[in-house]
Amino acid sequence: MNFDILFASVLNGLTTGAVYALVALGLTLIYGVLHIINFAHGAALMVALYGVYGLKTVFGIDPYLALPIMVPAMFVLGYVLQRGVINRASHGKDENILLVTLGLAIVLENLALLAFKSDTRTIDTAYTLTTVQLGPAFIALPKVIAFFGALLACAVLLTLVTRTDLGRAIRAVAKEKLGAKLMGIDVDHVYAMSFGIGLACLGAAACFLLPAYYVNPQVGSGFVLVAFTIVVLGGMGSFAGALLGGLLIGVVESLGGLFLGESLGQIGIFAIFIAVLLFRPTGLFGARA
Amino acid sequence: MARDLTGIVIFALAVIALTLLLSSGVWLNALMMTLYAALLALAWNLLGGFGGQFSFGHALFFGTGAYASAVAQVAHGVNAWAALALAIVAAAAVGAFVGALAFRYGLKGSYFALVTLAFAEVFRILALSAGFTGGGVGMMLPLNESIANLQFGSRRGYVALMLGCVVAALITTAWLRHSRFGARLQAVRDNEDAARAVGVDPYRIKLGATVASAAFMGAAGAFYLQVFQYIDPGIAFGPHVSVEALVGAIVGGMGTLWGPVLGAALLHALGEATRNLFGQLPGLNLVIYGSVLVMIVLFMPRGLAGLGAWRRNERGRHG
């Protein structure tokens, strides 16, 4: 195997992995606080991608400039969904939340199918075909931007969670719901904020993703299992785990595709997923039980 | 048990009478597809409703059954009835494998849902990539109508076959309601630790329910192949079947005998009605299924059957 090809493949995997990490961070935040698996995460990413696509094709807004629109928009969507639908559906049982997020995912995905057909759409920008040389490898410029953008977004999220009052409230609710409530924290509000922030991550991920990627109604389901894999791999609810897990999975997918071919390469991810779930459900990096 | 069995006999007689009365192919087709949907929901209910283990990837067993039957018939010339039996055994074996892995390592709740989903996805990719499944092109079952080939000229034959499967699933469900095994399964669902404390082995109980549930899904998969004479990885292992099975059972009422039949019939009628109103649009069916699922969880968490039980309780309370 040629070293240059391997090197390029690893770099490509890292750039994808950074976006995966951002998607997974949103998922792990929601899991850590609400202790539910958001099955609608992939569908919400798909909605965000169509949002970026629409802003570009209808209003001519560049995907990177769409960030200040998409991030708040997805935040509001998440806040409203959690407070208006998901929280009401729980009736005190986690299974109900699981089912209701699955229902939302089905509805969103198939509404998109009704509205946009199953066509795969891409956008054209001036920099779509620009490449950057890194050592012996050439990487598409949008992917390099996505890598650094996603890392920056992760840093912002981590700062938000560790350094602000809201972040403290989120961590308090995640650790001890009743205690947090007794300290005067509005738990329902914190739930909805966490869900909103989780979806806001998807808004940012969509902006970084679309210039080098595509959108179709099923695009989310590809991401959703990958994001679950990362979250499980990194340890449910662990931010550092999600970040490292994302990069790792990106590289595994890229190398798997190189050695096994596009479709069979995906198996590697699921094999990791199933193996981690079975043998180390606390995750590779997660020490918390 | 006797009351449940009487109900099942009346149900079977009613379906037979309906089959003989109906002459239009459209209505016979609707009856057949409703029974098919009921079988999916009943199968899911065995594990999800009575065992409390929510599988999001029940298509795994459906697809295994369909492909086992297709490969046996097309590539090895196995008789269709034998292929049906093989499909059931193959699906049950995959159920035993996945169940053993998941329950041995104590996966519950969302983790179990995730691992079933992942297995379905792995099988879909394998079916896409493997040589003997025909890859993405799928597999065609040659048309050859005869009872020996399990291919019927009239829909009545399929209705009879489907009715047999549904009755078997109903009897299994009734048995779960009244047997020791069923009581243990429901005890594990309601409180696994407490069940373990009184000497129930949750692993074996859940595994048994998974195998039974998978076997019925395998029969449904083989049936699908006989009727449509075609299977591909997306149909076999894609999310559509998983969703149909789960939503039917939840809408009707998990852990009940007639809930899944009721839920499947209602969903099927809803799907047909919207198809008549708006025409055949891709995705419309699943939009309805998803919306109904959200509505039911929001407003009627015990499903349609729960509504009946609630009214009975109310009546009981007021004399």
# chains A, B, ... in the order shown; residues from 1 in each chain; ligands from 1

$ select_by_dssp --residues "stretch 52-108 of chain B" --states "alpha helix (DSSP H)" --output "PyMOL selection string"
chain B and resi 59-76+80-104

$ write_last_selection --atoms "C-alpha atoms" --output "compact mmCIF listing (two decimals), in the first residue's frame"
# COMPACT_ATOMS: atom_id res chain seq x y z
CA ALA B 59 -36.75 -6.25 9.86
CA LEU B 60 -33.61 -8.22 10.69
CA PHE B 61 -35.72 -11.36 11.23
CA PHE B 62 -38.17 -10.55 8.44
CA GLY B 63 -35.34 -10.15 5.96
CA THR B 64 -33.58 -13.28 7.17
CA GLY B 65 -36.77 -15.28 6.56
CA ALA B 66 -37.34 -13.75 3.13
CA TYR B 67 -33.76 -14.31 1.97
CA ALA B 68 -33.52 -17.81 3.46
CA SER B 69 -36.63 -18.83 1.52
CA ALA B 70 -35.49 -17.07 -1.68
CA VAL B 71 -31.99 -18.56 -1.68
CA ALA B 72 -33.33 -22.04 -0.87
CA GLN B 73 -35.93 -21.94 -3.65
CA VAL B 74 -34.02 -20.13 -6.39
CA ALA B 75 -30.49 -21.40 -5.92
CA HIS B 76 -31.10 -24.85 -4.45
CA ALA B 80 -41.58 -23.72 -1.23
CA TRP B 81 -43.21 -25.27 1.85
CA ALA B 82 -39.86 -26.59 3.03
CA ALA B 83 -38.39 -23.16 2.29
CA LEU B 84 -41.05 -21.57 4.49
CA ALA B 85 -40.07 -23.89 7.35
CA LEU B 86 -36.43 -23.09 6.67
CA ALA B 87 -37.21 -19.35 6.76
CA ILE B 88 -38.82 -19.70 10.17
CA VAL B 89 -35.88 -21.71 11.51
CA ALA B 90 -33.32 -19.29 10.06
CA ALA B 91 -35.08 -16.25 11.53
CA ALA B 92 -35.41 -17.98 14.91
CA ALA B 93 -31.69 -18.83 14.80
CA VAL B 94 -30.76 -15.20 14.10
CA GLY B 95 -33.11 -14.21 16.91
CA ALA B 96 -31.35 -16.63 19.24
CA PHE B 97 -27.96 -15.27 18.21
CA VAL B 98 -28.81 -11.58 18.62
CA GLY B 99 -30.85 -12.22 21.76
CA ALA B 100 -28.08 -14.28 23.34
CA LEU B 101 -25.49 -11.58 22.60
CA ALA B 102 -27.65 -8.69 23.75
CA PHE B 103 -29.09 -10.25 26.89
CA ARG B 104 -25.88 -12.03 27.93

$ closest_atom_pairs --of "chain B" --to "chain A" --cutoff "10 Å" --atoms "only C-alpha atoms" --output "Markdown table"
| residue | atom | partner | partner_atom | distance |
| --- | --- | --- | --- | --- |
| B:Gly52 | CA | A:Glu95 | CA | 9.3 |
| B:Gln53 | CA | A:Glu95 | CA | 9.7 |
| B:Phe54 | CA | A:Glu95 | CA | 8.2 |
| B:Phe56 | CA | A:Leu102 | CA | 9.0 |
| B:Leu101 | CA | A:Leu278 | CA | 7.3 |
| B:Ala102 | CA | A:Leu278 | CA | 6.8 |
| B:Phe103 | CA | A:Leu278 | CA | 9.2 |
| B:Arg104 | CA | A:Leu278 | CA | 8.6 |
| B:Tyr105 | CA | A:Leu278 | CA | 5.7 |
| B:Gly106 | CA | A:Leu278 | CA | 8.2 |
| B:Leu107 | CA | A:Leu278 | CA | 7.5 |
| B:Gly109 | CA | A:Glu95 | CA | 7.0 |
| B:Ser110 | CA | A:Ile37 | CA | 6.6 |
| B:Tyr111 | CA | A:Leu277 | CA | 7.5 |
| B:Phe112 | CA | A:Leu277 | CA | 9.2 |
| B:Ala113 | CA | A:Leu98 | CA | 9.0 |
| B:Leu114 | CA | A:Phe228 | CA | 8.2 |
| B:Val115 | CA | A:Ile274 | CA | 6.3 |
| B:Thr116 | CA | A:Ile274 | CA | 9.4 |
| B:Leu117 | CA | A:Leu225 | CA | 8.6 |
| B:Ala118 | CA | A:Phe270 | CA | 6.3 |
| B:Phe119 | CA | A:Phe270 | CA | 7.9 |
| B:Glu121 | CA | A:Phe270 | CA | 8.0 |
| B:Val122 | CA | A:Ile267 | CA | 6.2 |
| B:Phe123 | CA | A:Ile267 | CA | 9.4 |
| B:Ile125 | CA | A:Leu264 | CA | 6.8 |
| B:Leu126 | CA | A:Leu264 | CA | 7.5 |
| B:Leu128 | CA | A:Ser263 | CA | 8.1 |
| B:Ser129 | CA | A:Leu264 | CA | 6.8 |
| B:Ala130 | CA | A:Leu264 | CA | 9.6 |
| B:Pro239 | CA | A:Ile106 | CA | 9.4 |
| B:His240 | CA | A:Ile106 | CA | 9.6 |
| B:Val243 | CA | A:Ile106 | CA | 8.6 |
| B:Leu246 | CA | A:Leu99 | CA | 9.4 |
| B:Val247 | CA | A:Gly103 | CA | 8.9 |
| B:Ile250 | CA | A:Leu99 | CA | 9.3 |
| B:Leu281 | CA | A:Leu114 | CA | 6.9 |
| B:Pro282 | CA | A:Leu114 | CA | 6.3 |
| B:Gly283 | CA | A:Asn110 | CA | 4.7 |
| B:Leu284 | CA | A:Leu114 | CA | 6.7 |
| B:Asn285 | CA | A:Asn110 | CA | 8.5 |
| B:Leu286 | CA | A:Asn110 | CA | 6.3 |
| B:Val287 | CA | A:Val107 | CA | 4.6 |
| B:Ile288 | CA | A:Val107 | CA | 7.5 |
| B:Tyr289 | CA | A:Gly103 | CA | 7.8 |
| B:Gly290 | CA | A:Gly103 | CA | 4.4 |
| B:Ser291 | CA | A:Val107 | CA | 6.3 |
| B:Val292 | CA | A:Gly103 | CA | 8.1 |
| B:Leu293 | CA | A:Gly103 | CA | 5.7 |
| B:Val294 | CA | A:Val100 | CA | 5.2 |
| B:Met295 | CA | A:Val100 | CA | 8.6 |
| B:Ile296 | CA | A:Ala89 | CA | 9.0 |
| B:Val297 | CA | A:Ala89 | CA | 5.9 |
| B:Leu298 | CA | A:Ala89 | CA | 4.3 |
| B:Phe299 | CA | A:Ala89 | CA | 7.6 |
| B:Met300 | CA | A:Ala89 | CA | 9.5 |
| B:Pro301 | CA | A:Asn96 | CA | 7.8 |

$ residues_around --residues "A:Ala242" --least-positions-apart "5" --cutoff "8 Å" --atoms "only C-alpha atoms" --output "ChimeraX atom specification"
/A:21,24-25,28,230-231,233-235

$ residues_around --residues "stretch 153-165 of chain A" --least-positions-apart "5" --cutoff "12 Å" --atoms "only C-alpha atoms" --output "NGL selection string"
:A and (18-26 or 28-29 or 32-33 or 67 or 71 or 145-148 or 170-172 or 174 or 185 or 190 or 193-194 or 197-205 or 207-208 or 238-240 or 242-244 or 246)

$ write_last_selection --atoms "C-alpha atoms" --output "mmCIF file, in the first residue's frame"
data_model
loop_
_atom_site.group_PDB
_atom_site.id
_atom_site.type_symbol
_atom_site.label_atom_id
_atom_site.label_comp_id
_atom_site.auth_asym_id
_atom_site.auth_seq_id
_atom_site.Cartn_x
_atom_site.Cartn_y
_atom_site.Cartn_z
ATOM 1 C CA ALA A 18 -14.403 16.349 13.118
ATOM 2 C CA VAL A 19 -17.904 16.891 11.722
ATOM 3 C CA TYR A 20 -18.973 13.516 13.128
ATOM 4 C CA ALA A 21 -17.646 14.665 16.488
ATOM 5 C CA LEU A 22 -19.766 17.819 16.329
ATOM 6 C CA VAL A 23 -22.895 15.794 15.506
ATOM 7 C CA ALA A 24 -22.064 13.316 18.268
ATOM 8 C CA LEU A 25 -21.441 16.113 20.801
ATOM 9 C CA GLY A 26 -25.024 17.276 20.352
ATOM 10 C CA THR A 28 -24.095 13.084 23.890
ATOM 11 C CA LEU A 29 -25.184 16.369 25.502
ATOM 12 C CA GLY A 32 -26.033 13.111 29.334
ATOM 13 C CA VAL A 33 -28.714 15.485 30.557
ATOM 14 C CA LEU A 67 -24.062 29.901 10.442
ATOM 15 C CA VAL A 71 -27.482 27.752 14.650
ATOM 16 C CA ILE A 145 -12.618 24.445 6.775
ATOM 17 C CA ALA A 146 -15.051 21.836 8.116
ATOM 18 C CA PHE A 147 -12.288 20.306 10.218
ATOM 19 C CA PHE A 148 -11.277 23.551 11.901
ATOM 20 C CA ILE A 170 -26.957 21.634 32.760
ATOM 21 C CA ARG A 171 -24.288 19.610 34.534
ATOM 22 C CA ALA A 172 -26.186 19.834 37.809
ATOM 23 C CA ALA A 174 -27.378 15.761 34.466
ATOM 24 C CA ILE A 185 -33.086 25.249 38.821
ATOM 25 C CA VAL A 190 -32.664 23.097 31.303
ATOM 26 C CA MET A 193 -32.038 24.230 26.567
ATOM 27 C CA SER A 194 -29.905 21.081 26.340
ATOM 28 C CA ILE A 197 -28.069 23.256 22.119
ATOM 29 C CA GLY A 198 -27.815 19.672 20.896
ATOM 30 C CA LEU A 199 -29.710 20.581 17.754
ATOM 31 C CA ALA A 200 -27.783 23.859 17.397
ATOM 32 C CA CYS A 201 -24.651 21.709 17.007
ATOM 33 C CA LEU A 202 -26.391 20.127 14.027
ATOM 34 C CA GLY A 203 -27.055 23.573 12.565
ATOM 35 C CA ALA A 204 -23.330 24.310 12.697
ATOM 36 C CA ALA A 205 -22.435 20.825 11.414
ATOM 37 C CA CYS A 207 -23.130 24.583 7.460
ATOM 38 C CA PHE A 208 -19.666 23.005 7.518
ATOM 39 C CA SER A 238 -18.690 12.168 27.798
ATOM 40 C CA PHE A 239 -17.664 15.213 25.741
ATOM 41 C CA ALA A 240 -13.979 14.402 25.366
ATOM 42 C CA ALA A 242 -17.298 12.091 21.710
ATOM 43 C CA LEU A 243 -14.559 14.309 20.290
ATOM 44 C CA LEU A 244 -11.922 11.572 20.200
ATOM 45 C CA GLY A 246 -15.573 11.131 16.258
#

$ atom_distance --atom1 "atom CA of B:His268" --atom2 "atom CA of B:Tyr230"
21.5 Å

$ atom_distance --atom1 "atom CA of A:Ile272" --atom2 "atom CA of A:Glu253"
10.8 Å

$ select_by_dssp --residues "stretch 68-264 of chain A" --states "strand (DSSP E or B)" --output "count of residues only"
10

$ residues_around --residues "stretch 186-189 of chain A" --least-positions-apart "4" --cutoff "8 Å" --atoms "only C-alpha atoms" --output "PyMOL selection string"
chain A and resi 83+173+177+180-181+193

$ residues_around --residues "B:Leu143" --least-positions-apart "5" --cutoff "12 Å" --atoms "only C-alpha atoms" --output "ChimeraX atom specification"
/B:73-74,149-153,225-230
